[in-house]
$ cat protein.pdb   # PDB, C-alpha atoms and all ligand atoms
MODEL        1
ATOM      1  CA  MET X   1     122.421 126.610 116.489
ATOM      2  CA  ILE X   2     122.302 123.587 114.192
ATOM      3  CA  SER X   3     120.980 124.596 110.786
ATOM      4  CA  GLN X   4     122.122 121.616 108.698
ATOM      5  CA  LEU X   5     121.598 117.878 109.021
ATOM      6  CA  HIS X   6     123.943 115.823 106.849
ATOM      7  CA  ILE X   7     122.447 112.383 106.395
ATOM      8  CA  LEU X   8     124.994 109.682 105.559
ATOM      9  CA  LEU X   9     122.332 107.780 103.635
ATOM     10  CA  THR X  10     124.618 104.783 103.262
ATOM     11  CA  TYR X  11     128.221 103.802 103.895
ATOM     12  CA  SER X  12     128.183 101.931 100.565
ATOM     13  CA  CYS X  13     129.799 103.541  97.571
ATOM     14  CA  THR X  14     130.786 102.658  94.034
ATOM     15  CA  LYS X  15     134.332 103.754  94.871
ATOM     16  CA  ALA X  16     136.791 103.524  97.756
ATOM     17  CA  CYS X  17     138.631 106.847  97.463
ATOM     18  CA  ASN X  18     141.859 107.273  99.373
ATOM     19  CA  HIS X  19     140.791 110.499 101.036
ATOM     20  CA  CYS X  20     137.358 109.282 102.229
ATOM     21  CA  PHE X  21     136.650 110.143 105.903
ATOM     22  CA  VAL X  22     134.128 107.350 106.254
ATOM     23  CA  TYR X  23     135.813 104.354 104.622
ATOM     24  CA  SER X  24     132.979 103.992 102.136
ATOM     25  CA  SER X  25     133.365 101.289  99.523
ATOM     26  CA  PRO X  26     131.380  98.767  97.470
ATOM     27  CA  GLU X  27     132.026  96.248 100.289
ATOM     28  CA  ALA X  28     130.621  98.458 103.089
ATOM     29  CA  ASP X  29     128.150  96.738 105.407
ATOM     30  CA  SER X  30     124.637  97.235 104.019
ATOM     31  CA  LYS X  31     123.338  97.649 107.603
ATOM     32  CA  GLY X  32     124.783 101.145 107.400
ATOM     33  CA  THR X  33     121.985 102.269 105.062
ATOM     34  CA  PHE X  34     118.937 104.236 106.253
ATOM     35  CA  SER X  35     115.473 102.797 105.793
ATOM     36  CA  LEU X  36     112.684 105.101 104.672
ATOM     37  CA  GLN X  37     111.076 104.848 108.093
ATOM     38  CA  GLN X  38     114.307 105.972 109.758
ATOM     39  CA  LEU X  39     114.512 108.932 107.370
ATOM     40  CA  ASP X  40     110.914 109.847 108.225
ATOM     41  CA  GLU X  41     111.938 109.886 111.890
ATOM     42  CA  VAL X  42     114.887 112.192 111.161
ATOM     43  CA  ILE X  43     112.672 114.619 109.263
ATOM     44  CA  GLU X  44     110.112 114.583 112.084
ATOM     45  CA  GLN X  45     112.915 115.408 114.517
ATOM     46  CA  ALA X  46     114.206 118.148 112.214
ATOM     47  CA  LYS X  47     110.787 119.805 112.478
ATOM     48  CA  ILE X  48     110.910 119.605 116.287
ATOM     49  CA  ILE X  49     114.453 121.044 116.474
ATOM     50  CA  GLY X  50     113.157 124.177 114.783
ATOM     51  CA  SER X  51     116.481 125.665 113.586
ATOM     52  CA  ILE X  52     117.138 123.250 110.705
ATOM     53  CA  GLU X  53     117.198 124.887 107.263
ATOM     54  CA  TRP X  54     119.089 122.339 105.184
ATOM     55  CA  ILE X  55     118.974 118.577 104.906
ATOM     56  CA  TYR X  56     121.830 117.055 102.909
ATOM     57  CA  PHE X  57     121.882 113.535 101.512
ATOM     58  CA  GLU X  58     125.361 112.141 101.176
ATOM     59  CA  GLY X  59     127.292 109.021 102.055
ATOM     60  CA  GLY X  60     128.821 106.861 100.757
ATOM     61  CA  GLU X  61     127.013 107.339  97.501
ATOM     62  CA  PRO X  62     123.354 108.313  98.025
ATOM     63  CA  PHE X  63     122.327 107.598  94.405
ATOM     64  CA  LEU X  64     122.877 103.889  95.136
ATOM     65  CA  PHE X  65     119.589 104.027  97.069
ATOM     66  CA  TYR X  66     117.870 106.344  94.637
ATOM     67  CA  PRO X  67     114.177 105.490  95.314
ATOM     68  CA  ILE X  68     114.683 105.878  99.071
ATOM     69  CA  MET X  69     116.565 109.134  98.599
ATOM     70  CA  ILE X  70     113.853 110.514  96.311
ATOM     71  CA  ASP X  71     111.038 109.652  98.744
ATOM     72  CA  ALA X  72     112.960 111.219 101.637
ATOM     73  CA  ILE X  73     113.676 114.366  99.582
ATOM     74  CA  ARG X  74     109.967 114.609  98.748
ATOM     75  CA  LEU X  75     109.140 114.486 102.448
ATOM     76  CA  ALA X  76     111.845 117.008 103.336
ATOM     77  CA  LYS X  77     110.623 119.434 100.651
ATOM     78  CA  LYS X  78     107.022 118.975 101.750
ATOM     79  CA  ASN X  79     108.180 120.152 105.153
ATOM     80  CA  ARG X  80     109.900 123.175 103.585
ATOM     81  CA  PHE X  81     113.516 122.173 104.200
ATOM     82  CA  LYS X  82     116.153 123.099 101.665
ATOM     83  CA  VAL X  83     117.693 119.944 100.228
ATOM     84  CA  GLY X  84     121.193 119.233  98.975
ATOM     85  CA  ILE X  85     122.852 116.082  97.649
ATOM     86  CA  VAL X  86     126.536 115.175  97.481
ATOM     87  CA  THR X  87     127.380 112.534  94.873
ATOM     88  CA  ASN X  88     130.388 111.150  93.043
ATOM     89  CA  GLY X  89     128.362 111.357  89.802
ATOM     90  CA  TYR X  90     128.874 107.689  88.873
ATOM     91  CA  TRP X  91     125.427 107.747  87.279
ATOM     92  CA  ALA X  92     126.400 110.496  84.796
ATOM     93  CA  THR X  93     127.264 107.973  82.095
ATOM     94  CA  SER X  94     125.400 109.625  79.193
ATOM     95  CA  GLU X  95     123.352 112.725  78.491
ATOM     96  CA  GLU X  96     120.216 110.591  78.390
ATOM     97  CA  ASN X  97     120.910 109.072  81.824
ATOM     98  CA  VAL X  98     121.736 112.431  83.385
ATOM     99  CA  ARG X  99     118.473 113.883  82.059
ATOM    100  CA  TYR X 100     116.598 110.928  83.545
ATOM    101  CA  PHE X 101     118.028 111.473  87.029
ATOM    102  CA  LEU X 102     117.873 115.263  86.939
ATOM    103  CA  LYS X 103     114.230 115.280  85.877
ATOM    104  CA  ASP X 104     113.158 113.901  89.274
ATOM    105  CA  LEU X 105     115.471 116.259  91.130
ATOM    106  CA  ASN X 106     114.205 119.195  89.108
ATOM    107  CA  ASP X 107     110.580 118.254  89.813
ATOM    108  CA  LEU X 108     111.454 118.168  93.509
ATOM    109  CA  GLU X 109     113.161 121.583  93.236
ATOM    110  CA  ILE X 110     116.314 120.551  95.092
ATOM    111  CA  ASP X 111     118.527 123.420  96.198
ATOM    112  CA  ASP X 112     122.034 122.050  95.668
ATOM    113  CA  LEU X 113     123.550 119.149  93.778
ATOM    114  CA  SER X 114     127.259 118.869  94.567
ATOM    115  CA  VAL X 115     129.333 116.567  92.384
ATOM    116  CA  SER X 116     132.756 115.422  93.587
ATOM    117  CA  ASP X 117     135.114 115.663  90.662
ATOM    118  CA  ASP X 118     138.839 115.601  91.362
ATOM    119  CA  CYS X 119     141.923 113.412  91.247
ATOM    120  CA  PHE X 120     140.590 111.215  94.076
ATOM    121  CA  HIS X 121     137.364 110.286  92.326
ATOM    122  CA  MET X 122     138.408 109.986  88.694
ATOM    123  CA  THR X 123     139.174 106.578  87.216
ATOM    124  CA  ASN X 124     140.894 108.133  84.172
ATOM    125  CA  GLU X 125     141.779 111.645  83.062
ATOM    126  CA  ASN X 126     138.599 111.972  80.976
ATOM    127  CA  ASP X 127     136.381 110.999  83.894
ATOM    128  CA  HIS X 128     134.632 114.293  84.733
ATOM    129  CA  PRO X 129     130.979 113.578  85.544
ATOM    130  CA  SER X 130     130.434 117.106  86.818
ATOM    131  CA  ILE X 131     130.751 118.566  83.291
ATOM    132  CA  LEU X 132     127.677 116.748  81.991
ATOM    133  CA  VAL X 133     125.729 117.221  85.220
ATOM    134  CA  GLU X 134     126.517 120.951  85.257
ATOM    135  CA  LYS X 135     125.556 121.382  81.605
ATOM    136  CA  ILE X 136     122.177 119.704  81.944
ATOM    137  CA  GLY X 137     121.596 121.087  85.437
ATOM    138  CA  LYS X 138     122.077 124.590  84.019
ATOM    139  CA  GLU X 139     119.530 123.951  81.266
ATOM    140  CA  LEU X 140     117.014 122.784  83.847
ATOM    141  CA  GLY X 141     117.857 125.436  86.438
ATOM    142  CA  ILE X 142     119.228 123.014  89.057
ATOM    143  CA  PRO X 143     122.047 124.549  91.160
ATOM    144  CA  VAL X 144     125.034 122.252  90.517
ATOM    145  CA  ASN X 145     128.388 122.676  92.273
ATOM    146  CA  THR X 146     131.642 120.855  91.697
ATOM    147  CA  LEU X 147     133.603 119.700  94.757
ATOM    148  CA  SER X 148     137.279 119.486  93.916
ATOM    149  CA  LEU X 149     140.032 118.814  96.435
ATOM    150  CA  ASN X 150     143.775 119.298  96.083
ATOM    151  CA  LYS X 151     146.169 116.460  95.352
ATOM    152  CA  PRO X 152     148.042 115.254  98.470
ATOM    153  CA  ASP X 153     151.372 116.365  96.966
ATOM    154  CA  ASP X 154     149.982 119.884  97.115
ATOM    155  CA  ILE X 155     149.922 119.727 100.933
ATOM    156  CA  PRO X 156     150.704 122.003 102.614
ATOM    157  CA  VAL X 157     149.731 124.667 100.121
ATOM    158  CA  GLU X 158     147.725 127.751 100.835
ATOM    159  CA  ASP X 159     144.333 126.278 101.652
ATOM    160  CA  ILE X 160     141.157 127.894 100.343
ATOM    161  CA  GLU X 161     139.279 129.618 103.059
ATOM    162  CA  ILE X 162     136.510 127.464 104.526
ATOM    163  CA  LYS X 163     134.926 128.779 107.686
ATOM    164  CA  LYS X 164     135.347 126.540 110.712
ATOM    165  CA  GLY X 165     132.561 123.964 110.859
ATOM    166  CA  GLU X 166     131.424 124.409 107.257
ATOM    167  CA  PRO X 167     131.413 121.596 104.688
ATOM    168  CA  ILE X 168     134.671 121.110 102.794
ATOM    169  CA  ILE X 169     133.983 122.163  99.229
ATOM    170  CA  GLY X 170     137.542 122.396  97.926
ATOM    171  CA  GLY X 171     141.141 123.086  98.892
ATOM    172  CA  ASN X 172     143.285 120.719 100.897
ATOM    173  CA  ILE X 173     142.050 117.330 101.977
ATOM    174  CA  ARG X 174     141.899 116.632 105.695
ATOM    175  CA  ILE X 175     144.030 113.707 106.843
ATOM    176  CA  ARG X 176     141.419 111.712 108.734
ATOM    177  CA  GLY X 177     139.702 108.379 108.094
ATOM    178  CA  ARG X 178     141.124 106.459 105.167
ATOM    179  CA  ALA X 179     143.361 109.412 104.229
ATOM    180  CA  ALA X 180     145.311 108.911 107.479
ATOM    181  CA  GLU X 181     146.293 105.446 106.296
ATOM    182  CA  THR X 182     146.651 106.002 102.574
ATOM    183  CA  LEU X 183     147.793 109.582 102.004
ATOM    184  CA  SER X 184     149.872 110.624 104.994
ATOM    185  CA  HIS X 185     153.092 108.887 103.950
ATOM    186  CA  ASN X 186     155.865 111.053 102.566
ATOM    187  CA  LEU X 187     154.077 114.268 103.508
ATOM    188  CA  PRO X 188     155.796 116.855 105.706
ATOM    189  CA  ILE X 189     155.351 116.187 109.423
ATOM    190  CA  LYS X 190     154.420 118.900 111.932
ATOM    191  CA  ASP X 191     155.743 119.093 115.461
ATOM    192  CA  SER X 192     152.863 117.959 117.687
ATOM    193  CA  ILE X 193     153.245 120.982 119.989
ATOM    194  CA  PHE X 194     151.567 122.932 117.186
ATOM    195  CA  LEU X 195     148.651 120.495 117.022
ATOM    196  CA  ASN X 196     147.014 122.150 119.977
ATOM    197  CA  SER X 197     143.649 123.203 118.617
ATOM    198  CA  CYS X 198     140.921 121.866 116.385
ATOM    199  CA  GLY X 199     140.956 124.335 113.550
ATOM    200  CA  HIS X 200     138.363 122.771 111.311
ATOM    201  CA  GLU X 201     135.144 121.885 113.144
ATOM    202  CA  GLU X 202     133.040 124.192 115.256
ATOM    203  CA  LEU X 203     132.766 122.058 118.374
ATOM    204  CA  ILE X 204     131.150 124.617 120.702
ATOM    205  CA  ASN X 205     128.374 125.986 118.521
ATOM    206  CA  PRO X 206     128.199 123.607 115.565
ATOM    207  CA  MET X 207     126.061 124.586 112.584
ATOM    208  CA  ARG X 208     125.801 121.003 111.322
ATOM    209  CA  VAL X 209     125.927 117.396 112.435
ATOM    210  CA  HIS X 210     126.244 114.189 110.447
ATOM    211  CA  LEU X 211     123.796 111.350 111.047
ATOM    212  CA  ASP X 212     124.179 107.705 110.141
ATOM    213  CA  ALA X 213     121.876 104.717 109.910
ATOM    214  CA  TYR X 214     123.262 103.229 113.140
ATOM    215  CA  GLY X 215     121.774 106.294 114.837
ATOM    216  CA  TYR X 216     125.077 108.034 115.609
ATOM    217  CA  VAL X 217     125.091 111.826 115.682
ATOM    218  CA  HIS X 218     128.574 113.011 114.678
ATOM    219  CA  ILE X 219     129.953 116.375 115.741
ATOM    220  CA  CYS X 220     132.992 115.573 113.613
ATOM    221  CA  GLN X 221     133.068 112.349 111.633
ATOM    222  CA  GLY X 222     133.576 109.537 114.170
ATOM    223  CA  ILE X 223     132.965 111.681 117.302
ATOM    224  CA  ASN X 224     129.451 110.975 118.568
ATOM    225  CA  ILE X 225     127.290 113.100 120.822
ATOM    226  CA  GLY X 226     124.489 110.539 121.101
ATOM    227  CA  ASN X 227     122.487 107.868 119.339
ATOM    228  CA  MET X 228     119.209 109.050 117.848
ATOM    229  CA  TRP X 229     117.676 105.550 117.912
ATOM    230  CA  GLU X 230     118.098 105.623 121.706
ATOM    231  CA  LYS X 231     117.164 109.261 122.404
ATOM    232  CA  PRO X 232     115.363 111.753 120.157
ATOM    233  CA  LEU X 233     117.736 113.787 118.010
ATOM    234  CA  SER X 234     116.163 117.020 119.270
ATOM    235  CA  ASN X 235     117.063 116.064 122.877
ATOM    236  CA  ILE X 236     120.593 115.053 121.935
ATOM    237  CA  LEU X 237     121.216 118.437 120.330
ATOM    238  CA  LYS X 238     119.509 120.360 123.133
ATOM    239  CA  ASN X 239     121.537 118.573 125.821
ATOM    240  CA  TYR X 240     124.891 118.679 124.033
ATOM    241  CA  ASN X 241     127.435 120.176 126.393
ATOM    242  CA  PRO X 242     130.903 120.308 124.819
ATOM    243  CA  VAL X 243     132.749 120.827 128.108
ATOM    244  CA  ASP X 244     131.290 117.605 129.554
ATOM    245  CA  HIS X 245     132.025 115.483 126.501
ATOM    246  CA  PRO X 246     135.010 113.166 127.152
ATOM    247  CA  ILE X 247     136.445 113.629 123.654
ATOM    248  CA  VAL X 248     135.326 117.155 122.770
ATOM    249  CA  ALA X 249     136.370 118.737 126.097
ATOM    250  CA  PRO X 250     140.100 117.925 125.747
ATOM    251  CA  LEU X 251     139.982 118.885 122.056
ATOM    252  CA  LEU X 252     138.620 122.273 123.037
ATOM    253  CA  LYS X 253     141.207 122.696 125.768
ATOM    254  CA  GLY X 254     144.235 121.917 123.645
ATOM    255  CA  GLY X 255     143.417 120.066 120.428
ATOM    256  CA  PRO X 256     144.623 116.531 119.672
ATOM    257  CA  LEU X 257     147.747 117.124 121.758
ATOM    258  CA  GLU X 258     145.582 117.583 124.868
ATOM    259  CA  LEU X 259     143.451 114.564 123.903
ATOM    260  CA  ALA X 260     146.575 112.380 123.888
ATOM    261  CA  LYS X 261     147.802 113.844 127.203
ATOM    262  CA  THR X 262     144.426 113.497 128.951
ATOM    263  CA  TYR X 263     144.230 109.779 128.237
ATOM    264  CA  GLN X 264     147.997 109.163 128.284
ATOM    265  CA  ILE X 265     148.015 107.776 124.786
ATOM    266  CA  PRO X 266     151.607 107.319 123.593
ATOM    267  CA  TYR X 267     152.301 108.635 120.122
ATOM    268  CA  LYS X 268     155.150 109.150 117.715
ATOM    269  CA  GLU X 269     155.878 112.454 116.001
ATOM    270  CA  GLN X 270     154.345 111.460 112.714
ATOM    271  CA  PHE X 271     151.466 113.797 112.053
ATOM    272  CA  VAL X 272     150.812 115.861 108.955
ATOM    273  CA  GLU X 273     148.152 118.063 110.537
ATOM    274  CA  THR X 274     145.700 118.311 113.456
ATOM    275  CA  CYS X 275     143.035 115.996 112.027
ATOM    276  CA  HIS X 276     145.671 113.341 111.374
ATOM    277  CA  MET X 277     146.749 113.356 115.037
ATOM    278  CA  CYS X 278     143.159 113.629 116.288
ATOM    279  CA  TYR X 279     142.008 110.670 114.201
ATOM    280  CA  THR X 280     145.024 108.528 115.177
ATOM    281  CA  ILE X 281     144.623 109.204 118.909
ATOM    282  CA  ARG X 282     140.867 108.599 118.714
ATOM    283  CA  LYS X 283     141.437 105.248 117.051
ATOM    284  CA  ASP X 284     143.588 104.238 120.036
ATOM    285  CA  LEU X 285     140.940 105.573 122.428
ATOM    286  CA  ARG X 286     138.043 103.552 121.049
ATOM    287  CA  SER X 287     138.270 100.787 123.627
ATOM    288  CA  TYR X 288     138.087 103.352 126.506
ATOM    289  CA  HIS X 289     135.199 105.364 125.104
ATOM    290  CA  PRO X 290     133.401 103.144 122.610
ATOM    291  CA  GLU X 291     130.092 104.997 123.013
ATOM    292  CA  TYR X 292     131.615 108.260 121.742
ATOM    293  CA  LEU X 293     133.795 106.919 118.928
ATOM    294  CA  GLN X 294     131.612 105.051 116.480
ATOM    295  CA  PRO X 295     130.881 103.391 114.117
ATOM    296  CA  ASN X 296     133.470 100.861 112.975
ATOM    297  CA  GLN X 297     133.301 102.208 109.417
ATOM    298  CA  MET X 298     134.778 105.527 110.513
ATOM    299  CA  TYR X 299     137.798 103.729 111.969
ATOM    300  CA  ASN X 300     138.273 100.877 109.510
ATOM    301  CA  ASP X 301     137.476  98.320 112.227
ATOM    302  CA  GLN X 302     135.013  96.277 110.184
TER     303      GLN X 302
HETATM  304  S1  LIG S   1     140.981 118.124 114.849
HETATM  305 FE1  LIG S   1     139.650 116.349 115.264
HETATM  306  S2  LIG S   1     137.671 117.195 115.870
HETATM  307 FE2  LIG S   1     138.846 118.829 114.866
HETATM  308  S3  LIG S   1     138.189 118.726 112.693
HETATM  309 FE3  LIG S   1     140.065 117.514 112.884
HETATM  310  S4  LIG S   1     139.337 115.424 113.221
HETATM  311 FE4  LIG S   1     137.592 116.779 113.671
ENDMDL
END
$ encode --input "protein.pdb" --output "structure tokens"
Amino acid sequence: MISQLHILLTYSCTKACNHCFVYSSPEADSKGTFSLQQLDEVIEQAKIIGSIEWIYFEGGEPFLFYPIMIDAIRLAKKNRFKVGIVTNGYWATSEENVRYFLKDLNDLEIDDLSVSDDCFHMTNENDHPSILVEKIGKELGIPVNTLSLNKPDDIPVEDIEIKKGEPIIGGNIRIRGRAAETLSHNLPIKDSIFLNSCGHEELINPMRVHLDAYGYVHICQGINIGNMWEKPLSNILKNYNPVDHPIVAPLLKGGPLELAKTYQIPYKEQFVETCHMCYTIRKDLRSYHPEYLQPNQMYNDQ
């Protein structure tokens, strides 16, 4: 039962963090940004689906398209959805500026403002936007959370417990997307026979999907179950059958190891964890199953 839609409002970002799943950066293609009309369509579909409680705006950096985000939040709230935002807090440059942004969000009564604030996002050791956002958010009564992930050298440490399929709010980074290329070196390697299940996303009964402006509906970032500009989102979710999906079915049967075996993808023993192997094998599989492994931004094929 899907209860959360995570809208990747844009692939553009002020930063290009090493751990980013979606290869966001200031150079990202601007075509990967939702228009207001597309967001209206998503919210209409969310009403039809019936089980959606939360709509999250994230990216990329959603504050880069602030007026569009605000109008879409207004529409989502009008339709009684809970609304959350995930931001890197680049706009928290002074108390005055934070008050300016938070005033709108307070008026709209948003339900969660999550600020990424960790070693991956900071440009210097005093760069902690979440402190100012939390302080002023508290005064105004806006629920502000800080998202803080572990340094790669900390891997593998005891991870914090995040239920399968839930958003990552802290603990260890997952080695997928840009992290597979930038952070996997010099980390301990696991024997691939142990990479035989997907431990992090709920692929059978997902509680959330990510949506992007190209229309792709992601069950895990970069694994698509349909395109909502070709078929209504409500139909895509209703007709999702994990055991018939060419990428999800092998993952369910035996994780990334089974995915590699099914499609006879050769690989070297070089994986830090399951997502690292899954992402690497999927990248090699893109030419066989392009319709399920999109868009280019998720795979650094731009
Ligand atoms: S193993 Fe693959 S499908 Fe599962 S969470 Fe990791 S990247 Fe996603």
$ closest_atom_pairs --input "protein.pdb" --of "chain X" --to "ligand LIG 1 (chain S)" --cutoff "8 Å" --atoms "all atoms listed in the file" --output "CSV"
residue,atom,partner,partner_atom,distance
X:Gly165,CA,S:LIG1,S3,7.9
X:Arg174,CA,S:LIG1,FE3,7.5
X:Arg176,CA,S:LIG1,S4,6.2
X:Ser197,CA,S:LIG1,S1,6.9
X:Cys198,CA,S:LIG1,FE2,4.0
X:Gly199,CA,S:LIG1,FE2,6.0
X:His200,CA,S:LIG1,S3,4.3
X:Glu201,CA,S:LIG1,S3,4.4
X:Glu202,CA,S:LIG1,FE2,7.9
X:Leu203,CA,S:LIG1,S2,7.3
X:Ile219,CA,S:LIG1,S2,7.8
X:Cys220,CA,S:LIG1,FE4,4.8
X:Gln221,CA,S:LIG1,FE4,6.7
X:Ile223,CA,S:LIG1,S2,7.4
X:Val248,CA,S:LIG1,S2,7.3
X:Leu251,CA,S:LIG1,S2,6.8
X:Gly255,CA,S:LIG1,S1,6.4
X:Pro256,CA,S:LIG1,S1,6.3
X:Thr274,CA,S:LIG1,S1,4.9
X:Cys275,CA,S:LIG1,FE3,3.4
X:His276,CA,S:LIG1,S4,6.9
X:Met277,CA,S:LIG1,S1,7.5
X:Cys278,CA,S:LIG1,FE1,4.6
X:Tyr279,CA,S:LIG1,S4,5.5
$ resolve_selection --input "protein.pdb" --expression "the PyMOL selection byres (((chain X and resi 258) around 12) and not hetatm)" --output "number ranges by chain"
X: 192-198, 246-257, 259-266, 274, 277-278, 281-282
$ write_last_selection --input "protein.pdb" --atoms "C-alpha atoms" --output "PDB file, in the coordinates of the input"
ATOM      1  CA  SER X 192     152.863 117.959 117.687  1.00  0.00           C
ATOM      2  CA  ILE X 193     153.245 120.982 119.989  1.00  0.00           C
ATOM      3  CA  PHE X 194     151.567 122.932 117.186  1.00  0.00           C
ATOM      4  CA  LEU X 195     148.651 120.495 117.022  1.00  0.00           C
ATOM      5  CA  ASN X 196     147.014 122.150 119.977  1.00  0.00           C
ATOM      6  CA  SER X 197     143.649 123.203 118.617  1.00  0.00           C
ATOM      7  CA  CYS X 198     140.921 121.866 116.385  1.00  0.00           C
ATOM      8  CA  PRO X 246     135.010 113.166 127.152  1.00  0.00           C
ATOM      9  CA  ILE X 247     136.445 113.629 123.654  1.00  0.00           C
ATOM     10  CA  VAL X 248     135.326 117.155 122.770  1.00  0.00           C
ATOM     11  CA  ALA X 249     136.370 118.737 126.097  1.00  0.00           C
ATOM     12  CA  PRO X 250     140.100 117.925 125.747  1.00  0.00           C
ATOM     13  CA  LEU X 251     139.982 118.885 122.056  1.00  0.00           C
ATOM     14  CA  LEU X 252     138.620 122.273 123.037  1.00  0.00           C
ATOM     15  CA  LYS X 253     141.207 122.696 125.768  1.00  0.00           C
ATOM     16  CA  GLY X 254     144.235 121.917 123.645  1.00  0.00           C
ATOM     17  CA  GLY X 255     143.417 120.066 120.428  1.00  0.00           C
ATOM     18  CA  PRO X 256     144.623 116.531 119.672  1.00  0.00           C
ATOM     19  CA  LEU X 257     147.747 117.124 121.758  1.00  0.00           C
ATOM     20  CA  LEU X 259     143.451 114.564 123.903  1.00  0.00           C
ATOM     21  CA  ALA X 260     146.575 112.380 123.888  1.00  0.00           C
ATOM     22  CA  LYS X 261     147.802 113.844 127.203  1.00  0.00           C
ATOM     23  CA  THR X 262     144.426 113.497 128.951  1.00  0.00           C
ATOM     24  CA  TYR X 263     144.230 109.779 128.237  1.00  0.00           C
ATOM     25  CA  GLN X 264     147.997 109.163 128.284  1.00  0.00           C
ATOM     26  CA  ILE X 265     148.015 107.776 124.786  1.00  0.00           C
ATOM     27  CA  PRO X 266     151.607 107.319 123.593  1.00  0.00           C
ATOM     28  CA  THR X 274     145.700 118.311 113.456  1.00  0.00           C
ATOM     29  CA  MET X 277     146.749 113.356 115.037  1.00  0.00           C
ATOM     30  CA  CYS X 278     143.159 113.629 116.288  1.00  0.00           C
ATOM     31  CA  ILE X 281     144.623 109.204 118.909  1.00  0.00           C
ATOM     32  CA  ARG X 282     140.867 108.599 118.714  1.00  0.00           C
TER      33      ARG X 282
END
$ closest_residue --input "protein.pdb" --among "X:Ala92, X:Ala180, X:Val86, X:Leu102" --to "X:Leu147" --atoms "only C-alpha atoms"
X:Val86
$ residues_around --input "protein.pdb" --residues "stretch 104-120 of chain X" --least-positions-apart "3" --cutoff "8 Å" --atoms "only C-alpha atoms" --output "count of residues only"
32
$ resolve_selection --input "protein.pdb" --expression "the PyMOL selection byres (((chain X and resi 222) around 9) and not hetatm)" --output "list in words"
Phe21, Val22, Gly177, Tyr216, Val217, His218, Ile219, Cys220, Gln221, Ile223, Asn224, Tyr279, Arg282, Tyr292, Leu293, Gln294, Pro295, Asn296, Gln297, Met298 and Tyr299 of chain X
$ atom_distance --input "protein.pdb" --atom1 "atom CA of X:Glu291" --atom2 "atom CA of X:Asn227"
8.9 Å
$ atom_distance --input "protein.pdb" --atom1 "atom CA of X:Ala46" --atom2 "atom CA of X:Pro62"
19.5 Å
$ atom_distance --input "protein.pdb" --atom1 "atom CA of X:Ile136" --atom2 "atom CA of X:Trp91"
13.5 Å
